[in-house]
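Colleague: Starting off with a structure, shown below.
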Amino acid sequence: MTGYLLQRLSNLGLLFIAVLALQAAASQAHNQAQEYRYREALFHMLTNDYVTTMTLLEQPTGELRKEKKDSAQVERINHSAQLLALDTSLHLGMRQYAKQIFSDLEDLTSNKRAAAKLALRSVRKTYSAGDWQQATQQLTPLLKTKNMGKDDRDEALYYLANSLLQLKQVNSAAKVLSGITPGSIWAAYGYYNLGIYYAQNDAETSRALVSLRVASAMTGDLREDQELYDRIQLAAGNIALQDQSYDKAMSFLANVRASGTSAGPAIYGYGRAYAGLGQNRAAIQTWYRAKKYALVVPGVADTYQAIAESYVQENLQASAIDAYLEAIAVYEKELRQIDQVSQRLHRHGVLQLLADVRRQHSDVAWFLATDLITNTPLSAFANFFMAEPEFFQQAKELLMMEEQARQVNRTREKLDVFASMLRKKANLFSGSGKQVSQLVREKDINSLVAERNALAKAFVEAEKSRDYQRLLEADYAKAQQHLESTKKAFQDLNNKLTQAERAAFKDRIARLEGLILWRAMDDYKKNHQELAATLNAMDSHLQELKNNFVRLQTQLQKGKGYFQEKLVMINQLQAKYADLETAVTTYIEELQGKLTRKAIDRLVVYRGKINHYHVRSQLALVNLYDDIAIAEADKLVSRQERAL
């Protein structure tokens with residue numbers, strides 16, 4: 001045994017340390033994987049992708065949501081994942097599943113908060129169904145508890161206030177709104193609803209404008225806040241127009257953003273204010289700005305007729321004729337597009353229409369993007385459908401269910417691949433002892449143990465004989481080998497050297513031997529301790545490695561039966577996913593049929609409106625031609641009379 005003993009022992013020790021470290025790190029890596037999966041699920045939840053969220057949370061064995069381990073990190077992840085799964089399942093309308101999750105949370109300190117969240121989701125369902133009395137009855141006791149967070153409480157107060165408004169209990173609704181956190185978006189929505197209610201039911205408009213001003217002051221800088229701010233200013237401007245307060249109306253309407261979805265009706269209202277002040281030409285210039293928007297945007301169809309009528313009032317008959325002709329052409333084009341979209345809906349359904357628009361635009365909220373209203377007719381009509389709240393919610397659900405159907409299909413494909421792999425494994429490990437022994441051989445382990453024992457024996461011998469050079473570090477061990485080679489070469493050349501050369505070489509060899517020996521003696525204690533520690537660690541590593549091989553051998557010896565058990569599990573999962581695919585497909589077909597009928601009904605109403613404008617413009621043009629003809633006839637008669 002040479003001075004390489006220390007290096008060989010160290011290398012072998014590091015090998016087994018690495019093996020053990022990988023095994024010890026497996027648990028930590030598993031925890032980190034759970035943490036990353038939870039964070040990914042949370043991201044999809046915050047982006048309203050509830051299907052992907054639930055898919056990430058509920059793995060085939062449900063381990064993320066149900067796994068129990070004696071680890072504070074795992075318990076924290078498990079708790080957070082359960083709450084996230086609760087919220088996601090309620091968003092998807094999976095109330096029974098939510099109740100099951102809640103039962104798992106009963107032993108947690110935050111169970112009352114979870115119960116409040118569950119109750120609030122129940123209120124949402126009642127509220128969305130328009131059952132105002134039931135929503136009020138659910139909210140009153142819920143708000144008396146102290147189990148809701150600030151955001152949930154503000155949301156609940158908003159639902160209560162708006163339910164009371166629907167029940168004509170205005171004073172009670174106003175009192176409830178005062179309890180919402182100032183500056184909350186829920187407060188802004190609540191006061192906006194109150195202002196609209198006053199505008200529709202109160203002859204005096206001052207209270208409506210005050211409520212809208214309060215709502216406006218509570219909007220923030222987020223996209224949703226700015227959209228609401230535009231709607232508030234538009235509503236206030238329309239109220240002022242009804243009061244014929246045209247300057248006030250313009251001050252409100254001027255605040256509406258040109259890039260917002262309320263820009264079209266705001267432009268129409270601004271032009272009406274100019275017309276009310278008698279400034280028809282300024283009104284016409286304002287209305288021309290609305291032509292860049294799609295005709296389905298509220299107010300845009302009105303502007304074409306308003307422009308022509310203002311030209312008539314200004315006695316610009318030629319311009320009025322051109323404006324009416326343009327309006328008639330625009331309305332005819334819109335009627336054709338309505339018929340095309342209607343035929344598309346009858347043929348393919350609303351899901352295909354929404355999917356085509358979504359492929360054209362990558363924005364998450366593609367149906368709210370303002371540039372769509374000046375884009376293709378298909379995008380404009382998609383935006384038109386989505387503007388109706390109930391349609392919006394159901395269309396969103398339909399798109400999520402479509403994504404779920406795709407995920408179910410992808411999972412079934414993965415299960416098919418997995419089953420095929422298991423069948424191959426079952427054939428490979430058919431229980432043959434020969435095949436198993438080729439994979440797992442005890443003599444491989446025994447050879448490692450034998451080498452360890454040989455190294456340990458050499459170490460003991462070196463320790464007894466105080467053979468410092470056997471415990472040399474690697475670099476000095478190599479130097480010792482080179483020195484031995486040099487000494488042998490010196491012996492071979494001894495007869496060819498002069499006496500002086502022999503003496504010089506002997507002196508140099510002696511110095512090198514002394515240097516190596518001095519280094520070996522100096523590092524002996526340190527190297528001795530390191531080797532002893534390495535050998536002790538190797539003993540435990542080897543024992544664990546032997547145990548792992550024994551377990552692996554046991555599993556492999558099960559052979560085909562082991563993999564057949566797994567195949568049974570996979571077959572059960574495949575059956576479940578097949579049933580789920582059928583259920584999801586059926587639900588999608590039913591929901592799409594309902595939404596398609598709604599879309600077609602909306603198109604029928606909208607077509608009637610455009611057809612009315614079309615006929616009205618044609619009649620106005622005919623009347624204008626008649627007026628011009630009568631005026632020309634009167635002029636001719638007048639000239640003839642003067643000639644007589």
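Within each chain, counting starts at residue 1; across the structure tokens, chains are named A, B, ... in the order shown, with ligands numbered 1 upward in that order.
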Find the residues around range 291-296 of chain A up to 12 Å (only C-alpha atoms counted), leave out those fewer than 5 positions away in its own chain, and share them as number ranges by chain.

Modeller: A: 258-265, 267-268, 284-286, 301-305, 307, 326-327, 330-335, 337-338, 370-387, 602-603, 605-607, 609-610, 613

Colleague: Residues near Thr52 in chain A, anyone? I mean within 10 Å using only C-alpha atoms, not counting same-chain ones fewer than 6 positions away, as JSON, numbers by chain.

Modeller: {"A": [40, 41, 42, 43, 44, 45, 58, 88, 400, 403, 404, 407]}

Colleague: Residues within 8 Å of Leu422 in chain A, please, as a ChimeraX atom specification. Count only C-alpha atoms; anything in the same chain fewer than 6 positions from it doesn't count.

Modeller: /A:563-564,566-567

Colleague: Write out the residues from the selection above, keeping all heavy atoms, as a short mmCIF file (atom, residue, chain, number, x, y, z; two decimals), in the first residue's frame.

Modeller:
```
data_model
loop_
_atom_site.label_atom_id
_atom_site.label_comp_id
_atom_site.auth_asym_id
_atom_site.auth_seq_id
_atom_site.Cartn_x
_atom_site.Cartn_y
_atom_site.Cartn_z
N PHE A 563 -45.77 -4.65 -11.18
CA PHE A 563 -46.21 -3.69 -12.20
C PHE A 563 -47.68 -3.90 -12.57
O PHE A 563 -48.35 -2.95 -12.98
CB PHE A 563 -45.31 -3.79 -13.43
CG PHE A 563 -43.92 -3.31 -13.18
CD1 PHE A 563 -42.88 -4.19 -12.97
CD2 PHE A 563 -43.64 -1.95 -13.12
CE1 PHE A 563 -41.60 -3.75 -12.73
CE2 PHE A 563 -42.36 -1.49 -12.88
CZ PHE A 563 -41.34 -2.39 -12.67
N GLN A 564 -48.17 -5.11 -12.41
CA GLN A 564 -49.58 -5.35 -12.67
C GLN A 564 -50.45 -4.58 -11.68
O GLN A 564 -51.52 -4.07 -12.02
CB GLN A 564 -49.89 -6.86 -12.60
CG GLN A 564 -49.36 -7.66 -13.79
CD GLN A 564 -50.03 -7.28 -15.10
OE1 GLN A 564 -51.06 -6.60 -15.12
NE2 GLN A 564 -49.43 -7.70 -16.20
N LYS A 566 -49.69 -1.74 -10.35
CA LYS A 566 -49.68 -0.35 -10.82
C LYS A 566 -50.60 -0.18 -12.03
O LYS A 566 -51.27 0.84 -12.18
CB LYS A 566 -48.26 0.08 -11.17
CG LYS A 566 -47.27 -0.02 -10.03
CD LYS A 566 -47.67 0.86 -8.86
CE LYS A 566 -46.68 0.77 -7.73
NZ LYS A 566 -47.12 1.54 -6.54
N LEU A 567 -50.62 -1.17 -12.89
CA LEU A 567 -51.47 -1.10 -14.07
C LEU A 567 -52.95 -1.05 -13.68
O LEU A 567 -53.75 -0.34 -14.32
CB LEU A 567 -51.22 -2.31 -14.98
CG LEU A 567 -50.13 -2.15 -16.03
CD1 LEU A 567 -49.84 -3.48 -16.72
CD2 LEU A 567 -50.52 -1.09 -17.05
#
```

Colleague: With a distance cut-off of 9 Å and only C-alpha atoms, select the neighbouring residues of Tyr189 in chain A, excluding the residue or stretch itself and same-chain residues fewer than 2 positions from it, and output the selection as a list of chain:residue names.

Modeller: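 In the requested format, the answer is A:Tyr158, A:Ser184, A:Ile185, A:Trp186, A:Ala187, A:Tyr191, A:Tyr192, A:Asn193, A:Leu194, A:Ala215, A:Thr219, A:Leu228.
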
Colleague: Using the chain letters and numbers from this document, which residues of range 243-378 of chain A does DSSP assign to alpha helix (DSSP H), as a PyMOL selection string?

Modeller: chain A and resi 246-253+263-276+280-288+300-313+317-348+350-360+377-378

Colleague: Just to confirm, what's the straight-line distance from CA of Tyr625 in chain A to CA of Gln317 in chain A in Å (one decimal)?

Modeller: 9.1 Å

Colleague: With only C-alpha atoms as the counted atoms, please give the residues lying no more than 8 Å from Tyr38 in chain A, apart from itself and same-chain residues fewer than 3 positions off, as a list in words.

Modeller: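 Result of the neighbour search: Gln34, Glu35, Ala41, Leu42, Leu56, Leu57, Ile77 and Ala81 of chain A.
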
Colleague: So that I have them on file, write out the residues from the current selection with N, CA and C atoms, as a short mmCIF file (atom, residue, chain, number, x, y, z; two decimals), in the first residue's frame.

Modeller:
```
data_model
loop_
_atom_site.label_atom_id
_atom_site.label_comp_id
_atom_site.auth_asym_id
_atom_site.auth_seq_id
_atom_site.Cartn_x
_atom_site.Cartn_y
_atom_site.Cartn_z
N GLN A 34 -43.18 20.84 -3.68
CA GLN A 34 -44.53 21.17 -3.23
C GLN A 34 -44.71 22.69 -3.12
N GLU A 35 -43.69 23.34 -2.60
CA GLU A 35 -43.74 24.80 -2.46
C GLU A 35 -43.86 25.47 -3.83
N ALA A 41 -49.71 27.41 -8.57
CA ALA A 41 -51.17 27.38 -8.46
C ALA A 41 -51.70 28.73 -8.02
N LEU A 42 -51.01 29.39 -7.08
CA LEU A 42 -51.44 30.71 -6.62
C LEU A 42 -51.40 31.72 -7.76
N LEU A 56 -53.31 21.84 -10.61
CA LEU A 56 -52.04 21.82 -9.90
C LEU A 56 -52.21 21.38 -8.45
N LEU A 57 -53.31 21.81 -7.83
CA LEU A 57 -53.52 21.49 -6.42
C LEU A 57 -53.92 20.05 -6.21
N ILE A 77 -47.38 24.64 3.79
CA ILE A 77 -47.79 24.49 2.39
C ILE A 77 -49.15 23.80 2.31
N ALA A 81 -52.38 25.41 0.69
CA ALA A 81 -52.95 24.75 -0.48
C ALA A 81 -54.42 24.41 -0.27
#
```

Colleague: Ranking A:Leu354, A:Ala318, A:Ile328, A:Ala578 by minimum distance to Asn611 in chain A and counting only C-alpha atoms, which one comes first?

Modeller: A:Ile328
